>>> print(open('final-v5.csv').read())   # CSV, C-alpha atoms
chain,number,residue,atom,x,y,z
A,1,MET,CA,-97.4,0.6,31.3
A,2,THR,CA,-95.8,3.2,33.5
A,3,LEU,CA,-92.2,3.7,34.6
A,4,GLU,CA,-92.0,4.4,38.3
A,5,ILE,CA,-88.7,6.1,39.2
A,6,SER,CA,-87.3,8.1,42.1
A,7,GLN,CA,-86.7,11.8,41.9
A,8,LYS,CA,-83.1,11.2,43.0
A,9,MET,CA,-82.4,9.0,39.9
A,10,VAL,CA,-84.1,11.4,37.6
A,11,ASP,CA,-81.9,14.2,39.0
A,12,ALA,CA,-78.8,12.1,38.7
A,13,ILE,CA,-79.5,11.2,35.0
A,14,ILE,CA,-80.2,14.8,34.1
A,15,GLU,CA,-77.0,15.9,35.9
A,16,GLN,CA,-75.0,13.3,34.1
A,17,SER,CA,-76.4,14.5,30.7
A,18,ARG,CA,-75.3,18.1,31.6
A,19,VAL,CA,-71.8,17.1,32.7
A,20,GLU,CA,-71.2,15.0,29.6
A,21,TYR,CA,-72.6,17.6,27.2
A,22,PRO,CA,-71.8,18.1,24.3
A,23,ASP,CA,-71.5,14.3,24.1
A,24,GLU,CA,-74.5,12.0,24.7
A,25,CYS,CA,-74.5,10.4,28.1
A,26,CYS,CA,-75.8,6.8,28.7
A,27,GLY,CA,-76.3,4.3,31.4
A,28,ALA,CA,-78.6,1.6,32.8
A,29,ILE,CA,-80.7,1.0,36.0
A,30,LEU,CA,-80.7,-2.5,37.4
A,31,GLY,CA,-83.5,-3.9,39.5
A,32,PRO,CA,-84.6,-7.3,40.9
A,33,ILE,CA,-85.6,-9.8,38.2
A,34,GLY,CA,-89.3,-9.6,37.4
A,35,SER,CA,-89.9,-6.6,39.7
A,36,GLY,CA,-89.8,-3.9,37.0
A,37,LYS,CA,-88.3,-1.6,39.7
A,38,PRO,CA,-85.3,0.5,38.8
A,39,VAL,CA,-83.1,0.3,41.9
A,40,ARG,CA,-79.4,0.6,41.1
A,41,LEU,CA,-78.2,3.4,38.8
A,42,LYS,CA,-75.2,2.4,36.6
A,43,PRO,CA,-73.9,5.4,34.7
A,44,MET,CA,-71.9,4.0,31.7
A,45,VAL,CA,-69.1,5.5,29.6
A,46,ASN,CA,-70.2,6.5,26.1
A,47,ALA,CA,-67.6,4.6,24.2
A,48,ALA,CA,-68.6,6.6,21.0
A,49,HIS,CA,-67.8,9.9,22.8
A,50,SER,CA,-70.1,11.6,20.3
A,51,PRO,CA,-72.8,14.3,20.3
A,52,THR,CA,-74.9,12.1,18.0
A,53,PHE,CA,-74.2,8.5,19.0
A,54,TYR,CA,-73.8,6.4,22.1
A,55,GLU,CA,-72.6,2.9,22.8
A,56,PHE,CA,-71.8,1.1,26.0
A,57,ASP,CA,-68.2,-0.2,25.8
A,58,PRO,CA,-68.5,-4.0,24.9
A,59,LYS,CA,-66.4,-4.9,27.9
A,60,ASP,CA,-68.4,-2.8,30.3
A,61,LEU,CA,-71.6,-4.3,28.8
A,62,LEU,CA,-70.5,-7.8,29.6
A,63,ALA,CA,-69.5,-6.7,33.2
A,64,LEU,CA,-72.9,-5.1,33.6
A,65,TYR,CA,-74.8,-8.3,32.6
A,66,ARG,CA,-72.5,-10.4,34.8
A,67,GLU,CA,-73.1,-8.1,37.8
A,68,ALA,CA,-76.8,-8.2,37.2
A,69,ASP,CA,-76.8,-12.0,37.0
A,70,ASP,CA,-74.7,-12.3,40.2
A,71,ASN,CA,-77.3,-10.2,42.0
A,72,ASP,CA,-80.4,-11.7,40.5
A,73,GLU,CA,-81.1,-8.4,38.8
A,74,GLU,CA,-81.9,-7.4,35.2
A,75,ILE,CA,-81.7,-4.2,33.2
A,76,VAL,CA,-84.9,-2.4,33.9
A,77,VAL,CA,-83.9,1.0,32.3
A,78,ILE,CA,-81.5,1.9,29.5
A,79,TYR,CA,-81.1,5.7,29.2
A,80,HIS,CA,-79.2,8.1,27.1
A,81,SER,CA,-79.3,11.8,26.2
A,82,HIS,CA,-80.0,13.7,23.1
A,83,THR,CA,-78.0,16.8,22.9
A,84,GLU,CA,-79.8,19.0,20.3
A,85,THR,CA,-83.1,17.1,19.6
A,86,GLN,CA,-86.1,16.1,21.5
A,87,ALA,CA,-86.2,13.2,23.9
A,88,TYR,CA,-87.7,10.8,21.4
A,89,PRO,CA,-86.0,7.7,20.0
A,90,SER,CA,-84.1,8.3,16.8
A,91,ARG,CA,-84.0,5.9,13.9
A,92,THR,CA,-80.8,4.4,15.1
A,93,ASP,CA,-82.2,4.1,18.6
A,94,ILE,CA,-85.0,2.0,17.2
A,95,ALA,CA,-82.8,0.0,14.9
A,96,TYR,CA,-80.4,-1.1,17.6
A,97,ALA,CA,-82.9,-1.5,20.5
A,98,GLY,CA,-82.0,-5.0,21.8
A,99,GLU,CA,-83.8,-5.2,25.1
A,100,PRO,CA,-87.5,-5.7,24.5
A,101,GLY,CA,-88.2,-5.9,28.3
A,102,ALA,CA,-86.4,-2.6,29.1
A,103,HIS,CA,-87.8,0.9,29.5
A,104,TYR,CA,-85.8,3.2,27.1
A,105,VAL,CA,-85.4,6.6,28.8
A,106,LEU,CA,-84.5,9.6,26.8
A,107,VAL,CA,-83.5,13.0,28.2
A,108,SER,CA,-82.6,16.1,26.2
A,109,THR,CA,-80.0,18.8,26.9
A,110,ARG,CA,-81.1,21.0,24.0
A,111,LYS,CA,-80.8,24.6,24.9
A,112,GLU,CA,-84.2,25.9,24.0
A,113,ILE,CA,-85.9,23.7,26.7
A,114,ALA,CA,-83.2,24.1,29.4
A,115,PRO,CA,-83.6,24.2,32.3
A,116,ALA,CA,-86.9,22.6,32.0
A,117,THR,CA,-86.7,18.8,32.2
A,118,GLU,CA,-87.4,16.6,29.3
A,119,PHE,CA,-87.4,13.1,30.7
A,120,ARG,CA,-89.4,10.5,28.7
A,121,SER,CA,-89.7,6.8,28.6
A,122,TYR,CA,-90.5,4.3,25.8
A,123,ARG,CA,-90.8,0.6,25.0
A,124,ILE,CA,-89.1,-0.3,21.8
A,125,VAL,CA,-90.1,-3.8,20.5
A,126,ASP,CA,-89.6,-5.1,17.0
A,127,GLY,CA,-89.2,-1.5,15.7
A,128,VAL,CA,-92.3,-0.2,17.3
A,129,VAL,CA,-92.0,2.7,19.8
A,130,THR,CA,-94.6,3.1,22.5
A,131,GLU,CA,-94.3,6.0,24.8
A,132,GLU,CA,-95.3,5.3,28.4
A,133,LYS,CA,-96.1,7.4,31.5
A,134,VAL,CA,-93.3,8.4,33.9
A,135,SER,CA,-94.3,8.4,37.5
A,136,ILE,CA,-91.7,10.2,39.7
A,137,THR,CA,-91.7,9.1,43.3
A,138,GLU,CA,-90.0,10.6,46.4
B,1,MET,CA,-65.7,-29.0,21.0
B,2,SER,CA,-68.8,-28.3,22.9
B,3,ALA,CA,-69.5,-24.9,24.3
B,4,GLU,CA,-72.3,-23.4,26.3
B,5,VAL,CA,-73.8,-20.4,24.5
B,6,ARG,CA,-75.8,-17.8,26.4
B,7,ILE,CA,-78.6,-16.3,24.4
B,8,PRO,CA,-79.9,-12.8,25.0
B,9,THR,CA,-83.6,-12.2,25.5
B,10,ILE,CA,-84.1,-10.7,22.1
B,11,LEU,CA,-82.9,-13.9,20.4
B,12,ARG,CA,-84.7,-16.4,22.6
B,13,PRO,CA,-87.6,-16.8,20.3
B,14,TYR,CA,-85.2,-18.8,18.1
B,15,THR,CA,-84.1,-21.1,21.0
B,16,LYS,CA,-87.6,-21.8,22.3
B,17,GLU,CA,-86.9,-19.3,25.1
B,18,GLN,CA,-83.9,-21.2,26.3
B,19,LYS,CA,-81.4,-18.8,28.0
B,20,SER,CA,-78.5,-21.2,27.4
B,21,VAL,CA,-77.9,-23.8,24.7
B,22,ASN,CA,-75.0,-26.1,23.7
B,23,ALA,CA,-73.2,-25.8,20.4
B,24,GLU,CA,-70.3,-27.8,18.7
B,25,GLY,CA,-67.4,-26.3,16.8
B,26,GLU,CA,-63.7,-25.8,16.8
B,27,ASN,CA,-64.0,-22.1,16.3
B,28,LEU,CA,-66.6,-19.4,16.5
B,29,SER,CA,-67.6,-19.7,12.8
B,30,ALA,CA,-68.3,-23.4,13.3
B,31,ILE,CA,-70.2,-22.7,16.5
B,32,ILE,CA,-72.5,-20.2,14.7
B,33,THR,CA,-73.0,-22.7,11.8
B,34,ASN,CA,-74.0,-25.3,14.4
B,35,LEU,CA,-76.3,-23.0,16.2
B,36,ASP,CA,-78.0,-22.1,13.0
B,37,SER,CA,-78.6,-25.7,12.1
B,38,GLN,CA,-80.2,-26.3,15.5
B,39,TYR,CA,-82.1,-23.0,15.6
B,40,PRO,CA,-82.7,-21.9,12.0
B,41,GLY,CA,-82.5,-18.2,11.5
B,42,LEU,CA,-80.2,-17.5,14.5
B,43,GLY,CA,-77.1,-17.4,12.3
B,44,GLU,CA,-78.5,-14.5,10.3
B,45,ARG,CA,-79.0,-12.5,13.4
B,46,LEU,CA,-75.3,-12.8,14.2
B,47,LEU,CA,-73.8,-12.5,10.7
B,48,GLU,CA,-74.1,-10.1,7.8
B,49,ASN,CA,-72.5,-11.0,4.5
B,50,GLY,CA,-70.5,-13.6,6.3
B,51,ALA,CA,-69.0,-11.2,8.9
B,52,LEU,CA,-70.0,-10.6,12.5
B,53,ARG,CA,-72.6,-7.9,12.8
B,54,ARG,CA,-71.3,-4.6,14.1
B,55,PHE,CA,-74.0,-4.3,16.8
B,56,ILE,CA,-73.9,-7.8,18.2
B,57,ASN,CA,-71.2,-8.5,20.8
B,58,ILE,CA,-70.0,-12.1,21.2
B,59,TYR,CA,-67.6,-13.0,24.0
B,60,ILE,CA,-65.7,-16.2,24.7
B,61,ASN,CA,-65.5,-16.5,28.5
B,62,ASP,CA,-64.7,-12.9,29.4
B,63,GLU,CA,-63.1,-11.7,26.1
B,64,ASP,CA,-64.7,-9.9,23.2
B,65,VAL,CA,-64.1,-12.1,20.1
B,66,ARG,CA,-63.0,-9.1,18.2
B,67,PHE,CA,-59.7,-9.4,20.2
B,68,LEU,CA,-59.6,-13.2,19.6
B,69,GLY,CA,-59.6,-13.4,15.9
B,70,GLY,CA,-63.4,-12.9,15.3
B,71,LEU,CA,-64.9,-15.8,13.5
B,72,ASP,CA,-61.6,-17.7,13.7
B,73,ALA,CA,-61.5,-17.5,17.5
B,74,GLN,CA,-60.7,-20.9,18.8
B,75,ILE,CA,-63.2,-22.7,21.1
B,76,LYS,CA,-61.9,-25.1,23.8
B,77,ALA,CA,-64.0,-27.7,25.6
B,78,GLY,CA,-66.0,-26.1,28.3
B,79,ASP,CA,-65.7,-22.5,27.0
B,80,SER,CA,-68.7,-20.3,27.6
B,81,VAL,CA,-69.9,-18.1,24.7
B,82,THR,CA,-72.0,-15.1,25.5
B,83,ILE,CA,-74.0,-13.2,22.9
B,84,LEU,CA,-75.2,-9.6,23.8
B,85,PRO,CA,-76.8,-7.1,21.6
B,86,ALA,CA,-74.9,-3.8,21.7
B,87,VAL,CA,-76.5,-1.1,23.8
B,88,ALA,CA,-76.2,1.8,21.3
B,89,GLY,CA,-78.1,4.4,19.4
B,90,GLY,CA,-78.1,7.9,18.2
>>> encode(input="final-v5.csv", output="structure tokens")
Amino acid sequence: MTLEISQKMVDAIIEQSRVEYPDECCGAILGPIGSGKPVRLKPMVNAAHSPTFYEFDPKDLLALYREADDNDEEIVVIYHSHTETQAYPSRTDIAYAGEPGAHYVLVSTRKEIAPATEFRSYRIVDGVVTEEKVSITE
Amino acid sequence: MSAEVRIPTILRPYTKEQKSVNAEGENLSAIITNLDSQYPGLGERLLENGALRRFINIYINDEDVRFLGGLDAQIKAGDSVTILPAVAGG
């Protein structure tokens, strides 16, 4: 399994993570149902406003699903940033992962790796984390 | 009252992969009891020690049930109930 994603979206997510630092940033990318293609970037508000936790606001979450339904889309990618740790799913990320079909993307804003990019993708199904290749396209 | 309940992907193994099911009940608590009797095990994924789970969101039409009285939220005929796992982590 590979996540194919455009350079533009990668850049936008990394920029969002820097702007929202020291809080974690979060969002989703929608794509046509069944395509597996991340097409529409949807930055979300981190309702937790926290450097160690993120949560989509429940009202925004419903709106996101409704919008996806209306457009025959689904959530292809769910992303968030880690502020001081590596871009690997934390215990809570694994415990709350509720979209078995999504790519879970993690970026890190930790200082010792900046400005190098840490942008990684995983599947999280039934508590099992599988890292996958990220292929960045033009 | 009968309501349509939309089931998220992660809980569809309980509903034989159906995206939407019908449930009967006067309030959310009764709806969940009815869902669990039709699809055993589903109730436990929504409740913990008799309360709504913190990281499961349930909506009646467009409103989060936390603002409608939680398990006491009233269900009217034709209401649509949507269950969505929170998108959250650390």
>>> closest_atom_pairs(input="final-v5.csv", of="stretch 57-77 of chain B", to="stretch 26-47 of chain B", cutoff="7 Å", atoms="all atoms listed in the file", output="JSON lines")
{"residue": "B:Leu71", "atom": "CA", "partner": "B:Ser29", "partner_atom": "CA", "distance": 4.8}
{"residue": "B:Asp72", "atom": "CA", "partner": "B:Asn27", "partner_atom": "CA", "distance": 5.6}
{"residue": "B:Ala73", "atom": "CA", "partner": "B:Asn27", "partner_atom": "CA", "distance": 5.4}
{"residue": "B:Gln74", "atom": "CA", "partner": "B:Asn27", "partner_atom": "CA", "distance": 4.3}
{"residue": "B:Ile75", "atom": "CA", "partner": "B:Asn27", "partner_atom": "CA", "distance": 4.9}
>>> atom_distance(input="final-v5.csv", atom1="atom CA of A:Arg110", atom2="atom CA of A:Leu3")
23.1 Å
>>> interface_residues(input="final-v5.csv", of="chain B", to="chain A", cutoff="8 Å", atoms="all atoms listed in the file", output="JSON, numbers by chain")
{"B": [9, 10, 55, 57, 62, 63, 64, 84, 85, 86, 87, 88, 89, 90]}
>>> atom_distance(input="final-v5.csv", atom1="atom CA of A:Thr109", atom2="atom CA of A:Tyr88")
12.4 Å
>>> atom_distance(input="final-v5.csv", atom1="atom CA of A:Gln16", atom2="atom CA of A:Pro43")
8.0 Å
>>> residues_around(input="final-v5.csv", residues="B:Gly70", least_positions_apart="4", cutoff="8 Å", atoms="all atoms listed in the file", output="NGL selection string")
:B and (28 or 52 or 65-66)
>>> closest_residue(input="final-v5.csv", among="A:Ala12, A:Pro32, A:Val128, A:Tyr122", to="A:Asp70", atoms="all atoms listed in the file")
A:Pro32
>>> residues_around(input="final-v5.csv", residues="B:Asn61", least_positions_apart="2", cutoff="7 Å", atoms="only C-alpha atoms", output="ChimeraX atom specification")
/B:59,63,79-81
>>> residues_near_point(input="final-v5.csv", point="(-83.2, 5.4, 34.2)", cutoff="9 Å", atoms="all atoms listed in the file", output="number ranges by chain")
A: 5, 9-10, 13, 27-30, 38, 41-42, 76-80, 103-106, 121
>>> closest_residue(input="final-v5.csv", among="A:Val129, A:Val39, A:Val107, A:Ile124", to="A:Thr85", atoms="only C-alpha atoms")
A:Val107
>>> decode(input="final-v5.csv", residues="stretch 79-92 of chain A", atoms="all heavy atoms", output="CSV table (one decimal), in the first residue's frame")
chain,number,residue,atom,x,y,z
A,79,TYR,N,-4.9,13.6,8.9
A,79,TYR,CA,-3.6,14.0,9.3
A,79,TYR,C,-3.6,14.8,10.6
A,79,TYR,O,-4.5,15.5,10.9
A,79,TYR,CB,-2.9,14.8,8.2
A,79,TYR,CG,-3.4,16.1,7.8
A,79,TYR,CD1,-3.0,17.3,8.5
A,79,TYR,CD2,-4.4,16.3,6.8
A,79,TYR,CE1,-3.6,18.5,8.2
A,79,TYR,CE2,-4.9,17.5,6.5
A,79,TYR,CZ,-4.5,18.6,7.2
A,79,TYR,OH,-5.1,19.9,7.0
A,80,HIS,N,-2.5,14.7,11.3
A,80,HIS,CA,-2.2,15.7,12.4
A,80,HIS,C,-0.7,15.8,12.6
A,80,HIS,O,0.1,15.0,12.1
A,80,HIS,CB,-3.0,15.3,13.6
A,80,HIS,CG,-2.4,14.1,14.4
A,80,HIS,ND1,-2.6,12.8,14.0
A,80,HIS,CD2,-1.7,14.0,15.6
A,80,HIS,CE1,-2.0,12.0,14.9
A,80,HIS,NE2,-1.5,12.7,15.9
A,81,SER,N,-0.4,16.8,13.4
A,81,SER,CA,1.1,17.0,13.7
A,81,SER,C,1.4,16.5,15.1
A,81,SER,O,0.6,16.6,16.0
A,81,SER,CB,1.4,18.5,13.5
A,81,SER,OG,0.7,19.3,14.4
A,82,HIS,N,2.6,16.1,15.3
A,82,HIS,CA,3.2,15.9,16.6
A,82,HIS,C,4.2,17.1,16.8
A,82,HIS,O,5.0,17.4,15.9
A,82,HIS,CB,3.9,14.6,16.7
A,82,HIS,CG,3.0,13.4,16.9
A,82,HIS,ND1,3.4,12.1,16.9
A,82,HIS,CD2,1.7,13.4,17.2
A,82,HIS,CE1,2.3,11.3,17.1
A,82,HIS,NE2,1.3,12.1,17.3
A,83,THR,N,4.2,17.7,17.9
A,83,THR,CA,5.0,18.9,18.1
A,83,THR,C,6.4,18.7,18.6
A,83,THR,O,7.3,19.4,18.2
A,83,THR,CB,4.3,19.9,19.1
A,83,THR,OG1,4.0,19.2,20.3
A,83,THR,CG2,2.9,20.3,18.5
A,84,GLU,N,6.6,17.6,19.4
A,84,GLU,CA,7.9,17.4,20.0
A,84,GLU,C,8.3,16.0,19.9
A,84,GLU,O,9.4,15.6,20.5
A,84,GLU,CB,7.9,17.8,21.5
A,84,GLU,CG,7.5,19.3,21.7
A,84,GLU,CD,8.4,20.4,21.1
A,84,GLU,OE1,9.5,20.0,20.6
A,84,GLU,OE2,7.9,21.5,21.0
A,85,THR,N,7.6,15.2,19.2
A,85,THR,CA,7.9,13.7,19.1
A,85,THR,C,7.9,13.3,17.6
A,85,THR,O,7.5,14.1,16.8
A,85,THR,CB,7.0,12.8,19.9
A,85,THR,OG1,5.7,13.0,19.4
A,85,THR,CG2,7.0,13.1,21.4
A,86,GLN,N,8.4,12.2,17.3
A,86,GLN,CA,8.5,11.7,15.9
A,86,GLN,C,7.1,11.5,15.3
A,86,GLN,O,6.1,11.4,16.0
A,86,GLN,CB,9.3,10.5,15.8
A,86,GLN,CG,8.7,9.3,16.5
A,86,GLN,CD,9.4,8.0,16.1
A,86,GLN,OE1,10.0,7.9,15.1
A,86,GLN,NE2,9.3,7.0,17.0
A,87,ALA,N,7.1,11.5,14.0
A,87,ALA,CA,5.8,11.4,13.3
A,87,ALA,C,5.4,9.9,13.2
A,87,ALA,O,5.4,9.2,12.2
A,87,ALA,CB,6.0,11.9,11.9
A,88,TYR,N,5.1,9.4,14.4
A,88,TYR,CA,4.7,8.0,14.5
A,88,TYR,C,3.5,7.9,15.4
A,88,TYR,O,3.4,8.7,16.4
A,88,TYR,CB,5.8,7.1,15.1
A,88,TYR,CG,5.5,5.6,15.0
A,88,TYR,CD1,5.8,4.9,13.9
A,88,TYR,CD2,4.9,5.0,16.1
A,88,TYR,CE1,5.5,3.6,13.8
A,88,TYR,CE2,4.5,3.6,16.0
A,88,TYR,CZ,4.9,2.9,14.8
A,88,TYR,OH,4.5,1.6,14.7
A,89,PRO,N,2.5,7.1,15.1
A,89,PRO,CA,1.2,7.1,15.9
A,89,PRO,C,1.5,6.9,17.4
A,89,PRO,O,2.2,5.9,17.8
A,89,PRO,CB,0.4,6.0,15.3
A,89,PRO,CG,0.9,5.9,13.9
A,89,PRO,CD,2.4,6.1,14.0
A,90,SER,N,0.9,7.8,18.2
A,90,SER,CA,1.0,7.6,19.7
A,90,SER,C,0.0,6.6,20.2
A,90,SER,O,-0.9,6.1,19.4
A,90,SER,CB,0.7,8.9,20.4
A,90,SER,OG,-0.7,9.3,20.1
A,91,ARG,N,0.1,6.2,21.4
A,91,ARG,CA,-0.9,5.2,22.0
A,91,ARG,C,-2.3,5.7,21.8
A,91,ARG,O,-3.2,5.0,21.5
A,91,ARG,CB,-0.6,4.9,23.4
A,91,ARG,CG,0.5,3.8,23.6
A,91,ARG,CD,1.0,3.7,25.0
A,91,ARG,NE,-0.1,3.6,26.0
A,91,ARG,CZ,0.1,3.9,27.3
A,91,ARG,NH1,1.3,4.3,27.7
A,91,ARG,NH2,-0.9,3.8,28.1
A,92,THR,N,-2.6,7.0,22.0
A,92,THR,CA,-3.9,7.5,21.9
A,92,THR,C,-4.3,7.6,20.4
A,92,THR,O,-5.5,7.3,20.1
A,92,THR,CB,-4.1,8.9,22.5
A,92,THR,OG1,-3.0,9.7,22.2
A,92,THR,CG2,-4.2,8.8,24.0
